[in-house]
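Source file: entry-v1.tsv (TSV, C-alpha atoms)
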```tsv
chain	number	residue	atom	x	y	z
C	1	MET	CA	15.88	-25.77	-0.22
C	2	ASN	CA	17.40	-22.32	0.15
C	3	PHE	CA	17.21	-19.95	3.11
C	4	PHE	CA	18.94	-16.64	3.70
C	5	LEU	CA	19.09	-13.71	6.08
C	6	SER	CA	22.03	-11.34	5.76
C	7	THR	CA	21.54	-8.63	8.38
C	8	ASP	CA	23.05	-8.61	11.88
C	9	LEU	CA	20.30	-7.97	14.43
C	10	CYS	CA	20.66	-6.06	17.68
C	11	ILE	CA	17.41	-5.99	19.68
C	12	GLY	CA	16.88	-4.41	23.07
C	13	LEU	CA	15.57	-1.52	25.10
C	14	ASN	CA	17.79	1.59	24.75
C	15	GLU	CA	19.84	-0.10	22.01
C	16	ALA	CA	19.31	2.86	19.67
C	17	LEU	CA	21.39	5.03	22.00
C	18	SER	CA	24.42	3.02	20.83
C	19	VAL	CA	23.98	3.37	17.06
C	20	HIS	CA	27.26	5.28	16.83
C	21	GLU	CA	29.06	2.25	18.26
C	22	HIS	CA	27.51	0.00	15.63
C	23	LEU	CA	28.69	2.40	12.92
C	24	GLN	CA	32.18	2.39	14.36
C	25	SER	CA	32.24	-1.43	14.29
C	26	LEU	CA	31.60	-1.20	10.53
C	27	GLY	CA	34.52	1.19	10.05
C	28	VAL	CA	32.33	4.15	9.10
C	29	LYS	CA	34.17	7.49	9.35
C	30	LYS	CA	31.54	9.92	8.08
C	31	PRO	CA	27.91	8.75	8.29
C	32	GLY	CA	24.88	10.10	6.53
C	33	ILE	CA	21.72	10.08	8.66
C	34	ILE	CA	18.20	9.90	7.23
C	35	TYR	CA	15.34	10.21	9.68
C	36	ASP	CA	11.56	10.60	9.54
C	37	ALA	CA	10.28	14.11	10.19
C	38	SER	CA	7.58	12.54	12.38
C	39	LEU	CA	10.27	11.66	14.93
C	40	THR	CA	11.26	15.27	15.55
C	41	GLY	CA	8.95	15.67	18.54
C	42	SER	CA	10.16	12.49	20.27
C	43	PHE	CA	12.41	13.18	23.25
C	44	TYR	CA	13.88	9.70	23.01
C	45	PHE	CA	14.75	10.21	19.35
C	46	GLN	CA	16.45	13.49	20.27
C	47	ASP	CA	18.64	11.52	22.69
C	48	VAL	CA	19.45	9.03	19.92
C	49	LEU	CA	20.38	11.83	17.52
C	50	ARG	CA	22.41	13.60	20.21
C	51	ASN	CA	24.46	10.46	20.83
C	52	LEU	CA	25.03	10.03	17.10
C	53	ASN	CA	26.25	13.59	16.77
C	54	ALA	CA	28.49	13.18	19.81
C	55	GLY	CA	30.11	10.15	18.19
C	56	TYR	CA	30.28	11.75	14.74
C	57	ALA	CA	30.56	15.52	14.67
C	58	ASN	CA	30.94	15.31	10.87
C	59	SER	CA	27.68	13.43	10.22
C	60	VAL	CA	25.46	14.55	7.34
C	61	ILE	CA	21.82	14.76	8.39
C	62	TYR	CA	18.70	14.67	6.23
C	63	CYS	CA	15.17	14.99	7.65
C	64	ASN	CA	12.74	13.16	5.38
C	65	GLU	CA	9.53	15.18	5.20
C	66	PHE	CA	8.18	13.30	2.16
C	67	ARG	CA	4.70	11.97	2.93
C	68	GLY	CA	3.79	8.47	1.86
C	69	GLU	CA	5.98	5.95	0.12
C	70	PRO	CA	8.94	7.46	-1.74
C	71	THR	CA	9.03	7.94	-5.49
C	72	TYR	CA	12.06	7.41	-7.69
C	73	ALA	CA	12.19	11.19	-8.20
C	74	HIS	CA	12.39	11.78	-4.45
C	75	LEU	CA	15.08	9.13	-4.14
C	76	GLU	CA	17.07	10.88	-6.85
C	77	ASN	CA	16.87	14.20	-5.01
C	78	VAL	CA	17.95	12.74	-1.66
C	79	ALA	CA	20.78	10.78	-3.27
C	80	GLU	CA	22.05	13.99	-4.88
C	81	PHE	CA	22.01	15.70	-1.48
C	82	PHE	CA	24.26	13.01	-0.01
C	83	ARG	CA	26.51	12.75	-3.08
C	84	ARG	CA	27.59	16.33	-2.46
C	85	GLU	CA	28.77	15.34	1.06
C	86	SER	CA	30.22	11.86	0.25
C	87	PRO	CA	29.39	9.90	3.44
C	88	ASP	CA	30.96	6.44	3.70
C	89	GLY	CA	28.02	4.88	5.57
C	90	LEU	CA	24.34	5.53	6.23
C	91	VAL	CA	21.86	5.28	9.08
C	92	ALA	CA	18.13	5.20	8.29
C	93	ILE	CA	15.84	5.89	11.24
C	94	GLY	CA	12.09	5.69	10.84
C	95	GLY	CA	9.35	3.67	9.24
C	96	GLY	CA	9.58	1.46	6.19
C	97	SER	CA	9.63	4.37	3.75
C	98	ALA	CA	12.60	6.06	5.41
C	99	ILE	CA	14.46	2.76	5.58
C	100	ASP	CA	13.75	2.00	1.92
C	101	LEU	CA	15.01	5.49	1.10
C	102	GLY	CA	18.21	4.64	2.98
C	103	LYS	CA	18.67	1.48	0.91
C	104	GLY	CA	18.21	3.38	-2.32
C	105	VAL	CA	20.60	6.16	-1.34
C	106	ALA	CA	23.24	3.68	-0.11
C	107	LEU	CA	23.19	2.03	-3.54
C	108	LEU	CA	23.18	5.27	-5.52
C	109	LEU	CA	26.19	6.60	-3.62
C	110	THR	CA	28.32	3.92	-5.28
C	111	ASN	CA	26.40	3.67	-8.56
C	112	HIS	CA	26.26	7.03	-10.33
C	113	VAL	CA	23.22	6.27	-12.46
C	114	PRO	CA	19.63	7.58	-12.49
C	115	ALA	CA	17.46	6.02	-9.79
C	116	LEU	CA	14.93	4.80	-12.36
C	117	SER	CA	17.62	2.76	-14.11
C	118	LEU	CA	17.81	0.54	-11.01
C	119	LYS	CA	14.09	-0.25	-10.80
C	120	GLY	CA	13.09	-3.87	-10.63
C	121	PHE	CA	15.89	-6.37	-10.06
C	122	PRO	CA	19.13	-4.63	-11.12
C	123	LYS	CA	22.22	-6.68	-11.85
C	124	ASP	CA	25.89	-5.81	-12.07
C	125	VAL	CA	25.68	-3.01	-9.50
C	126	ASN	CA	28.44	-1.94	-7.15
C	127	ASP	CA	28.16	-2.73	-3.44
C	128	PRO	CA	26.40	0.08	-1.54
C	129	VAL	CA	27.92	1.95	1.37
C	130	PRO	CA	27.21	0.17	4.71
C	131	LEU	CA	23.68	0.78	5.96
C	132	VAL	CA	22.39	0.56	9.53
C	133	THR	CA	18.60	0.52	9.91
C	134	VAL	CA	16.79	1.70	13.03
C	135	PRO	CA	13.02	1.16	12.75
C	136	SER	CA	10.60	3.46	14.55
C	137	LEU	CA	7.63	1.27	13.54
C	138	LEU	CA	7.54	-2.49	13.92
C	139	GLY	CA	5.87	-4.43	11.14
C	140	SER	CA	7.05	-3.64	7.64
C	141	GLY	CA	10.24	-5.64	8.15
C	142	ALA	CA	12.09	-3.21	5.90
C	143	GLU	CA	14.88	-3.15	8.48
C	144	VAL	CA	16.03	-6.67	7.55
C	145	SER	CA	14.95	-7.08	3.92
C	146	PHE	CA	16.70	-6.41	0.62
C	147	ASN	CA	13.56	-5.04	-1.04
C	148	ALA	CA	13.15	-1.28	-1.28
C	149	VAL	CA	9.78	0.02	-2.46
C	150	PHE	CA	9.59	3.08	-4.72
C	151	ILE	CA	6.71	4.38	-6.81
C	152	ASP	CA	7.08	5.03	-10.51
C	153	GLU	CA	4.75	8.01	-10.87
C	154	ALA	CA	4.63	7.76	-14.68
C	155	GLU	CA	3.35	4.18	-14.51
C	156	GLY	CA	1.43	4.55	-11.24
C	157	ARG	CA	3.04	1.38	-9.91
C	158	LYS	CA	5.18	0.27	-6.99
C	159	LEU	CA	8.28	-1.31	-8.45
C	160	GLY	CA	11.19	-0.75	-6.11
C	161	ILE	CA	14.87	-1.57	-6.25
C	162	ASN	CA	15.32	-5.21	-5.32
C	163	SER	CA	18.91	-6.35	-5.06
C	164	ARG	CA	20.37	-8.60	-2.43
C	165	LYS	CA	23.10	-6.01	-2.13
C	166	ASN	CA	20.47	-3.84	-0.41
C	167	PHE	CA	20.65	-5.91	2.76
C	168	PRO	CA	21.47	-3.60	5.70
C	169	LYS	CA	24.70	-4.50	7.44
C	170	LYS	CA	23.03	-4.09	10.82
C	171	SER	CA	19.57	-3.45	12.19
C	172	VAL	CA	19.28	-1.86	15.61
C	173	ILE	CA	15.79	-2.53	16.97
C	174	ASP	CA	14.74	-0.57	20.03
C	175	PRO	CA	11.04	-0.65	21.05
C	176	ASN	CA	11.49	2.65	22.88
C	177	LEU	CA	11.85	4.40	19.54
C	178	SER	CA	8.34	3.30	18.53
C	179	MET	CA	6.61	4.59	21.65
C	180	SER	CA	5.85	8.04	20.22
C	181	ALA	CA	4.22	6.68	17.05
C	182	PRO	CA	0.44	7.16	16.69
C	183	MET	CA	-1.43	4.01	17.74
C	184	GLU	CA	-3.11	3.72	14.33
C	185	SER	CA	0.34	3.53	12.72
C	186	VAL	CA	1.49	0.92	15.25
C	187	ILE	CA	-1.58	-1.21	14.50
C	188	ALA	CA	-1.25	-0.84	10.72
C	189	SER	CA	2.40	-1.91	10.90
C	190	ALA	CA	1.53	-4.90	13.08
C	191	MET	CA	-1.16	-5.92	10.61
C	192	ASP	CA	1.49	-5.73	7.89
C	193	SER	CA	3.42	-8.36	9.86
C	194	LEU	CA	0.37	-10.61	9.92
C	195	VAL	CA	0.03	-10.27	6.14
C	196	HIS	CA	3.68	-11.24	5.66
C	197	CYS	CA	3.29	-14.23	7.98
C	198	VAL	CA	0.07	-15.52	6.42
C	199	ASP	CA	1.06	-14.95	2.79
C	200	SER	CA	4.45	-16.61	3.29
C	201	PHE	CA	2.87	-19.47	5.25
C	202	GLY	CA	0.44	-20.29	2.47
C	203	SER	CA	2.79	-19.54	-0.42
C	204	ILE	CA	3.27	-22.41	-2.84
C	205	LYS	CA	7.00	-21.67	-2.55
C	206	HIS	CA	7.20	-22.03	1.23
C	207	THR	CA	9.78	-24.29	2.83
C	208	PRO	CA	9.78	-26.07	6.21
C	209	ILE	CA	12.24	-23.46	7.50
C	210	SER	CA	10.30	-20.45	6.20
C	211	ARG	CA	7.17	-21.83	7.87
C	212	ILE	CA	8.90	-21.85	11.25
C	213	PHE	CA	9.35	-18.08	10.87
C	214	SER	CA	5.80	-17.61	9.53
C	215	ILE	CA	4.24	-19.37	12.51
C	216	GLU	CA	6.40	-17.69	15.15
C	217	GLY	CA	5.87	-14.26	13.63
C	218	PHE	CA	2.11	-14.71	13.35
C	219	GLN	CA	1.64	-15.98	16.89
C	220	ARG	CA	3.74	-13.26	18.52
C	221	THR	CA	2.06	-10.46	16.54
C	222	PHE	CA	-1.48	-11.83	16.86
C	223	TYR	CA	-1.11	-12.34	20.61
C	224	ALA	CA	0.27	-8.81	21.10
C	225	LEU	CA	-2.68	-7.35	19.18
C	226	GLN	CA	-5.24	-9.47	21.02
C	227	GLN	CA	-3.94	-8.36	24.43
C	228	GLY	CA	-4.52	-4.70	23.61
C	229	GLN	CA	-1.47	-3.56	25.57
C	230	LEU	CA	0.62	-2.08	22.77
C	231	ASP	CA	1.66	0.80	25.02
C	232	ARG	CA	3.95	-1.63	26.90
C	233	ALA	CA	7.56	-2.23	25.84
C	234	GLU	CA	7.10	-6.00	26.20
C	235	SER	CA	4.35	-5.97	23.58
C	236	ARG	CA	6.50	-3.87	21.27
C	237	LEU	CA	9.26	-6.47	21.58
C	238	ASP	CA	6.79	-9.10	20.38
C	239	LEU	CA	5.90	-6.86	17.44
C	240	ALA	CA	9.60	-6.41	16.65
C	241	ILE	CA	10.26	-10.15	16.61
C	242	GLY	CA	7.06	-10.75	14.65
C	243	SER	CA	8.15	-8.21	12.05
C	244	ILE	CA	11.55	-9.83	11.59
C	245	CYS	CA	10.06	-13.32	11.39
C	246	GLY	CA	7.36	-12.34	8.92
C	247	THR	CA	9.70	-10.57	6.53
C	248	THR	CA	12.32	-13.30	6.76
C	249	ALA	CA	9.66	-15.87	5.88
C	250	LEU	CA	8.38	-13.74	2.99
C	251	MET	CA	11.85	-13.32	1.51
C	252	ASN	CA	12.34	-17.06	1.60
C	253	SER	CA	8.99	-18.09	0.15
C	254	GLY	CA	6.93	-15.55	-1.73
C	255	ASP	CA	3.79	-13.51	-1.31
C	256	GLY	CA	0.14	-14.14	-2.07
C	257	PRO	CA	-3.07	-12.28	-2.92
C	258	THR	CA	-3.22	-10.21	0.28
C	259	ASN	CA	0.13	-8.53	-0.26
C	260	GLY	CA	-0.79	-8.02	-3.91
C	261	PHE	CA	-4.13	-6.40	-3.07
C	262	ALA	CA	-2.34	-4.15	-0.56
C	263	TYR	CA	0.06	-2.87	-3.21
C	264	TYR	CA	-2.79	-2.16	-5.62
C	265	LEU	CA	-5.04	-0.37	-3.11
C	266	GLY	CA	-2.09	1.52	-1.64
C	267	VAL	CA	-1.10	3.04	-4.98
C	268	LYS	CA	-4.61	3.72	-6.27
C	269	GLN	CA	-6.12	5.15	-3.07
C	270	LYS	CA	-2.97	6.12	-1.14
C	271	VAL	CA	-3.90	3.79	1.72
C	272	PRO	CA	-0.99	2.99	4.10
C	273	HIS	CA	0.40	-0.38	3.06
C	274	GLY	CA	-0.19	-2.13	6.39
C	275	LEU	CA	-3.81	-1.00	6.59
C	276	ALA	CA	-4.41	-1.92	2.94
C	277	GLY	CA	-3.20	-5.45	3.60
C	278	ALA	CA	-5.27	-5.71	6.78
C	279	ILE	CA	-8.44	-4.91	4.85
C	280	PHE	CA	-8.02	-7.96	2.62
C	281	LEU	CA	-6.19	-10.44	4.89
C	282	LYS	CA	-9.08	-12.02	6.75
C	283	GLU	CA	-11.28	-12.48	3.69
C	284	VAL	CA	-8.45	-14.02	1.64
C	285	MET	CA	-7.91	-16.48	4.50
C	286	ARG	CA	-11.64	-17.19	4.64
C	287	TYR	CA	-11.76	-17.76	0.87
C	288	ASN	CA	-8.92	-20.28	1.12
C	289	HIS	CA	-10.58	-22.02	4.08
C	290	ASP	CA	-13.92	-22.20	2.23
C	291	ASN	CA	-12.10	-23.80	-0.67
C	292	GLY	CA	-10.58	-26.60	1.37
C	293	TYR	CA	-7.35	-25.10	2.71
C	294	ASP	CA	-7.10	-26.01	6.41
C	295	LYS	CA	-3.40	-25.64	7.11
C	296	TYR	CA	-3.99	-22.28	8.82
C	297	ALA	CA	-4.71	-24.47	11.84
C	298	LEU	CA	-0.93	-24.54	12.37
C	299	LEU	CA	-1.08	-20.81	13.10
C	300	ASN	CA	-3.56	-21.41	15.93
C	301	PRO	CA	-1.76	-22.66	19.06
C	302	VAL	CA	-4.89	-22.74	21.22
C	303	ARG	CA	-6.58	-25.94	20.12
C	304	ALA	CA	-4.71	-29.13	19.32
C	305	ASP	CA	-7.64	-31.38	20.22
C	306	VAL	CA	-9.86	-30.53	17.25
C	307	SER	CA	-9.68	-31.11	13.50
C	308	ALA	CA	-7.66	-28.82	11.27
C	309	ARG	CA	-10.87	-27.50	9.74
C	310	GLU	CA	-12.38	-26.68	13.13
C	311	SER	CA	-9.15	-25.08	14.33
C	312	THR	CA	-8.96	-22.89	11.22
C	313	ALA	CA	-12.59	-21.85	11.66
C	314	GLU	CA	-11.83	-20.95	15.27
C	315	LEU	CA	-8.86	-18.85	14.20
C	316	LEU	CA	-11.03	-16.96	11.72
C	317	GLU	CA	-13.55	-16.26	14.49
C	318	GLN	CA	-10.72	-14.84	16.60
C	319	MET	CA	-9.69	-12.68	13.68
C	320	ASP	CA	-13.26	-11.42	13.27
C	321	GLU	CA	-13.16	-10.33	16.90
C	322	LEU	CA	-9.73	-8.73	16.48
C	323	TYR	CA	-10.93	-6.77	13.47
C	324	ARG	CA	-13.87	-5.44	15.50
C	325	GLN	CA	-11.55	-4.57	18.37
C	326	LEU	CA	-9.11	-2.71	16.10
C	327	GLU	CA	-11.85	-1.21	13.91
C	328	ILE	CA	-10.27	-2.40	10.67
C	329	PRO	CA	-12.40	-0.92	7.85
C	330	ASN	CA	-13.81	-2.55	4.74
C	331	LEU	CA	-13.52	-1.08	1.23
C	332	ALA	CA	-16.48	1.32	1.49
C	333	PRO	CA	-14.48	4.29	2.89
C	334	TYR	CA	-12.24	4.11	-0.19
C	335	GLY	CA	-15.03	4.43	-2.72
C	336	TYR	CA	-15.66	0.78	-3.53
C	337	GLY	CA	-19.12	-0.81	-3.51
C	338	LYS	CA	-21.19	-3.33	-5.43
C	339	GLY	CA	-21.22	-1.04	-8.47
C	340	ASN	CA	-17.47	-1.04	-9.11
C	341	MET	CA	-16.55	-4.32	-7.42
C	342	ALA	CA	-16.06	-6.14	-10.74
C	343	GLU	CA	-13.80	-3.40	-12.05
C	344	LEU	CA	-11.56	-3.59	-8.97
C	345	ALA	CA	-11.36	-7.39	-9.26
C	346	ARG	CA	-10.48	-7.19	-12.94
C	347	ASN	CA	-7.83	-4.50	-12.53
C	348	ALA	CA	-6.27	-6.18	-9.49
C	349	SER	CA	-6.16	-9.51	-11.31
C	350	MET	CA	-4.40	-7.99	-14.31
C	351	ALA	CA	-1.86	-6.16	-12.17
C	352	LEU	CA	-1.25	-8.88	-9.58
C	353	SER	CA	-1.11	-12.17	-11.46
C	354	GLY	CA	2.20	-13.05	-9.80
C	355	SER	CA	0.85	-12.57	-6.28
C	356	PHE	CA	-2.35	-14.44	-7.09
C	357	ALA	CA	-0.29	-17.36	-8.43
C	358	GLY	CA	1.38	-17.81	-5.02
C	359	ASN	CA	-1.89	-18.66	-3.27
C	360	PRO	CA	-2.21	-22.23	-1.91
C	361	VAL	CA	-5.50	-22.71	-3.80
C	362	GLU	CA	-6.27	-21.43	-7.29
C	363	PHE	CA	-6.96	-17.70	-7.13
C	364	THR	CA	-8.52	-16.07	-10.17
C	365	GLU	CA	-10.38	-12.90	-11.06
C	366	GLU	CA	-13.55	-14.61	-9.86
C	367	SER	CA	-11.80	-15.38	-6.56
C	368	ALA	CA	-10.91	-11.70	-6.26
C	369	ARG	CA	-14.57	-10.83	-6.80
C	370	VAL	CA	-15.61	-13.15	-3.96
C	371	VAL	CA	-13.11	-11.52	-1.59
C	372	ILE	CA	-14.01	-7.99	-2.65
C	373	ASP	CA	-17.75	-8.74	-2.42
C	374	ALA	CA	-17.27	-9.64	1.25
C	375	LEU	CA	-15.61	-6.26	1.80
C	376	THR	CA	-18.20	-4.04	0.09
```

Before we go any further, please render this structure as structure tokens.
Amino acid sequence: MNFFLSTDLCIGLNEALSVHEHLQSLGVKKPGIIYDASLTGSFYFQDVLRNLNAGYANSVIYCNEFRGEPTYAHLENVAEFFRRESPDGLVAIGGGSAIDLGKGVALLLTNHVPALSLKGFPKDVNDPVPLVTVPSLLGSGAEVSFNAVFIDEAEGRKLGINSRKNFPKKSVIDPNLSMSAPMESVIASAMDSLVHCVDSFGSIKHTPISRIFSIEGFQRTFYALQQGQLDRAESRLDLAIGSICGTTALMNSGDGPTNGFAYYLGVKQKVPHGLAGAIFLKEVMRYNHDNGYDKYALLNPVRADVSARESTAELLEQMDELYRQLEIPNLAPYGYGKGNMAELARNASMALSGSFAGNPVEFTEESARVVIDALT
């Protein structure tokens, strides 16, 4: 059994106002700062940035206006911007895309090679400059993971740069920073957490320790969504912990069909990753349940006095209600119906064989058709 998590976590209200102190503890003398353009109108973010500038008058600032998940070409351009200024540390403030951009830039500052040459699982790379992540959305888990997602436009695929050297040195998690995010983005990110928790829970590579994180992350996130009080800081703290737990579990187990479907739909139809995963999650769970997998009962803390099969069925009913409450769509708005269902199943199966193989019950192209049929 192997288990790892390599990022120091600092979680608390107003913690982002002390990012400069966290940089100083890492010995950073001249930080580069990457932040999401969407944060510009947030008064709280302006206070965070003001404190950073007060602590580091020589900081190099880049506002990331790139929409969607970053490409390798965009990463190359941003890395070149920072290479001209030679910062010795980085702060990435924003959603998963901005944080992934920070990981890529941190690595390219010490490895003077084209960004595309690092795609996949690069070996023999120099250590990156220290990176501090400050998430403004709570769900992707990018703030504590070593994976960094980038799109290869030539191939039309998400490949990323996946090296354990990408682990941020510190993650400063402050729910206040997420309060200005649109509610649809908050919900999509939270659903991304649920996907991580469920896929890692069911993964054939799970361990007893990873499952502890899967269960805790699922229950905290699911409860916060059910309560419908995401405008409260307490609920955002639950989302933050759920995000960390889900991603930690995923790193230490492996993914499954839901995460795979999300990657495929996200690239093909430019659907936000969290929402794309949400579309498929419930029906993948239902497929597994219908095919004899009842261990999802462990995710349901409400009923311990019924059989595993009954408890799993009850959990799926709760998820049906949650999906209605959150208005999670099916595939129809993205151009999929009965006429092209088979094509989607075939293409997804070809592209996502690794993710399908992680499912706790056999998951084939025909399985994909069953799931997609329920969503069209």

May I ask which of the residues C:Asn126, C:Asn291, C:Ser235, C:Asn259 is the closest one to Gly354 (chain C), counting all atoms listed in the file?
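Under the stated criterion, the closest residue is C:Asn259.
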
Residues near Ala37 (chain C), cut-off 12 Å, all atoms listed in the file, skip fewer than 6 positions along chain, as a PDB file with C-alpha atoms, in the frame of the given file:
```pdb
ATOM      1  CA  PHE C  45      14.750  10.210  19.350  1.00  0.00           C
ATOM      2  CA  GLN C  46      16.450  13.490  20.270  1.00  0.00           C
ATOM      3  CA  ILE C  61      21.820  14.760   8.390  1.00  0.00           C
ATOM      4  CA  TYR C  62      18.700  14.670   6.230  1.00  0.00           C
ATOM      5  CA  CYS C  63      15.170  14.990   7.650  1.00  0.00           C
ATOM      6  CA  ASN C  64      12.740  13.160   5.380  1.00  0.00           C
ATOM      7  CA  GLU C  65       9.530  15.180   5.200  1.00  0.00           C
ATOM      8  CA  PHE C  66       8.180  13.300   2.160  1.00  0.00           C
ATOM      9  CA  ARG C  67       4.700  11.970   2.930  1.00  0.00           C
ATOM     10  CA  GLY C  68       3.790   8.470   1.860  1.00  0.00           C
ATOM     11  CA  ILE C  93      15.840   5.890  11.240  1.00  0.00           C
ATOM     12  CA  GLY C  94      12.090   5.690  10.840  1.00  0.00           C
ATOM     13  CA  GLY C  95       9.350   3.670   9.240  1.00  0.00           C
ATOM     14  CA  SER C  97       9.630   4.370   3.750  1.00  0.00           C
ATOM     15  CA  ALA C  98      12.600   6.060   5.410  1.00  0.00           C
ATOM     16  CA  SER C 136      10.600   3.460  14.550  1.00  0.00           C
ATOM     17  CA  ALA C 181       4.220   6.680  17.050  1.00  0.00           C
TER      18      ALA C 181
END
```

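Of the listed residues C:Phe4, C:Phe150, C:Phe280, C:Tyr72, the one whose atoms come nearest to Asn162 (chain C) is C:Phe150, with distances taken using all atoms listed in the file.
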
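The residue that comes closest to Asp238 (chain C), out of C:Gly139, C:Gly120, C:Gly89, C:Gly27 and on the basis of all atoms listed in the file, is C:Gly139.
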
Residue among C:Leu237, C:Leu322, C:Val186, C:Gly256 lying closest to Lys205 (chain C), counting all atoms listed in the file:
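That would be C:Gly256, the residue with the smallest distance to Lys205 (chain C).
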
Please provide as a short mmCIF file (atom, residue, chain, number, x, y, z; two decimals) with C-alpha atoms, in the coordinates of the input all residues within 12 Å of Asn2 (chain C), with the sequence filter that same-chain residues fewer than 3 positions apart are discarded (counting all atoms listed in the file).
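For reference, around29.cif as written:
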```cif
data_model
loop_
_atom_site.label_atom_id
_atom_site.label_comp_id
_atom_site.auth_asym_id
_atom_site.auth_seq_id
_atom_site.Cartn_x
_atom_site.Cartn_y
_atom_site.Cartn_z
CA LEU C 5 19.09 -13.71 6.08
CA LYS C 205 7.00 -21.67 -2.55
CA HIS C 206 7.20 -22.03 1.23
CA THR C 207 9.78 -24.29 2.83
CA PRO C 208 9.78 -26.07 6.21
CA ILE C 209 12.24 -23.46 7.50
CA SER C 210 10.30 -20.45 6.20
CA ALA C 249 9.66 -15.87 5.88
CA MET C 251 11.85 -13.32 1.51
CA ASN C 252 12.34 -17.06 1.60
CA SER C 253 8.99 -18.09 0.15
#
```

Could you please determine the separation between CA of Met341 (chain C) and CA of Ile151 (chain C) in Å, to one decimal place?
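Separating CA of Met341 (chain C) from CA of Ile151 (chain C) is a distance of 24.8 Å.
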
Report the centre and edge lengths, in Å to one decimal, of an axis-aligned box enclosing every atom of region 200-205 of chain C listed in the file, padded by 4 Å on each side, as lines of an AutoDock Vina configuration file.
```
center_x = 3.7
center_y = -19.5
center_z = 1.2
size_x = 14.6
size_y = 13.8
size_z = 16.1
```

Go through C:Ala233, C:Met350, C:Leu23, C:Leu331 and flag the residue nearest Val371 (chain C), using all atoms listed in the file for the distances.
C:Leu331
